[in-house]
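Quick notes on the structure that follows.
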Amino acid sequence: MIESLKQTEQSVGSFIKALEKSEKRIAKYEEKLKEVRTELEKLEVEVLEISSKMREIERKIHKKLNKIKRTNKLLMEAQTERQIETYDRDLRKLNKDLDKLDKEYNRLKERYEQVVAKEEKLLEKEMKLEEEKARLYHERELLMKHAEQLMKRLGNKINRVRLQ
C-alpha cells in the first residue's frame, strides 16, 4: 500500500512538473505575442502616416493638374508671342513640379505596400502564436484535471489506509 502511495505521489510530482513546464511555455508565447503586437502598432502608425502623406500629395497633384489645364486653355487663347512664351514656361514648370510629386507619390506608394505586406505577415504570425497559446492552455487544463483525479485517488487511498 505504501508503495502504491509513493507511485501516486511520483505521478502527482510529474504532473506538477509538466504544469510548470506548460506555464513557462505559455509565458514564452505571451512574450512573443507582446513583441509582435508592439511591432504591429508601430507599423499601423507608419501606415497611417504614409497614407496621410499620400493623400496630401494627391491633393497637390490635382491642384497642379487643374493649373496645367487652365494654363493650356490660356495658351490656346494667347494672342502675342510674349504670352505664348510665358504660358509655355509656366507649363514646363508645372509639369516639372508634377513629375516631382508623382515620383514622391510612387515612392510612398511602394513603401506603403511594403509596410502593409510586413503587417500582414506579422498578423499571420500573431494568429499562429495565439493558436499555439490556446493549445497550450488546453493542454494545461487537461493536465490539471488529470492531476486533480490523481489527488482524489491519493486522498481515497490515504483514507482507506487510515480506516484499516
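Naming scheme: A, B, ... for chains in displayed order of the C-alpha cells; residues 1 onward per chain; ligands 1 onward as shown.
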Exercise for the section: Skip A:Lys63 itself and residues of its chain fewer than 5 positions away, then list as a ChimeraX atom specification all residues within 12 Å of it, counting only C-alpha atoms. Expected result: /A:56-58,68-70,94-95,97-98,101
Against stretch 149-164 of chain A, which residues of stretch 14-53 of chain A fall within 12 Å? For each one I want the closest pair of atoms and the distance in Å (one decimal), counting only C-alpha atoms, rows by chain and increasing residue number, as JSON lines.
```
{"residue": "A:Ser14", "atom": "CA", "partner": "A:Leu150", "partner_atom": "CA", "distance": 11.2}
{"residue": "A:Phe15", "atom": "CA", "partner": "A:Leu150", "partner_atom": "CA", "distance": 9.3}
{"residue": "A:Ile16", "atom": "CA", "partner": "A:Leu150", "partner_atom": "CA", "distance": 11.2}
```
Keeping only N, CA and C atoms, write the selected residues to a file as a compact mmCIF listing (two decimals), in the first residue's frame.
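Result file out.txt:
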```txt
# COMPACT_ATOMS: atom_id res chain seq x y z
N SER A 14 5.19 14.41 -11.19
CA SER A 14 5.47 14.57 -12.62
C SER A 14 4.44 15.47 -13.28
N PHE A 15 3.19 15.40 -12.83
CA PHE A 15 2.17 16.29 -13.39
C PHE A 15 2.44 17.74 -12.99
N ILE A 16 2.89 17.95 -11.78
CA ILE A 16 3.22 19.31 -11.34
C ILE A 16 4.36 19.87 -12.18
```
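Nearest to A:Asp99 of all the residues A:Lys34, A:Lys73, A:Lys60, A:Lys145 is A:Lys60, based on only C-alpha atoms.
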Problem - Of the listed residues A:Gly13, A:Glu130, A:Glu46, A:Leu108, that which approaches A:Lys32 most closely, counting only C-alpha atoms - result: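 Ranked by minimum distance to A:Lys32, first place goes to A:Glu130.
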Fill in the blank from the handout: What separates atom CA of A:Asp90 and atom CA of A:Leu74 is a distance of 10.9 Å
Stretch 67-120 of chain A residues near stretch 36-40 of chain A within 12 Å, closest pair each, using only C-alpha atoms, as a Markdown table:
```
| residue | atom | partner | partner_atom | distance |
| --- | --- | --- | --- | --- |
| A:Val115 | CA | A:Leu40 | CA | 10.0 |
| A:Val116 | CA | A:Leu40 | CA | 10.2 |
| A:Ala117 | CA | A:Leu40 | CA | 11.6 |
| A:Lys118 | CA | A:Leu40 | CA | 9.0 |
| A:Glu119 | CA | A:Leu40 | CA | 6.3 |
| A:Glu120 | CA | A:Leu40 | CA | 9.2 |
```
Practice task
Find the residue from A:Leu91, A:Ala147, A:Leu33, A:Ile26 that sits nearest to A:Lys133; use only C-alpha atoms when measuring.
Solution key: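 With only C-alpha atoms as the atom set, the closest residue is A:Ile26.
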Exercise for the section: Would you kindly return, as a list in words, each protein, DNA or RNA residue with an atom no farther than 10 Å from any atom of A:Leu136, considering only C-alpha atoms and excluding same-chain residues fewer than 2 positions away? Expected result: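 Surrounding residues, per the criterion: Ser22, Glu23, Arg25, Ile26, Tyr29, Glu130, Glu131, Glu132, Lys133, Ala134, His138, Glu139, Arg140, Glu141 and Leu142 of chain A.
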Handout entry: Between atom CA of A:Lys103 and atom CA of A:Thr86 - distance in Å to one decimal
Key =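 Interatomic distance here is 25.9 Å.
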Completion exercise
Using only C-alpha atoms, the residue out of A:Ile61, A:Gln83, A:Tyr112, A:Ala18 with shortest distance to A:Lys100 is A:Ile61
Practice task
For A:Ile84, please output as a PyMOL selection string all residues within 6 Å (counting only C-alpha atoms; exclusion window: fewer than 4 positions along the same chain).
Solution key: chain A and resi 75+78+88
Problem - Straight-line distance linking atom CA of A:Lys28 with atom CA of A:Leu129, stated in Å to one decimal - result: 10.2 Å
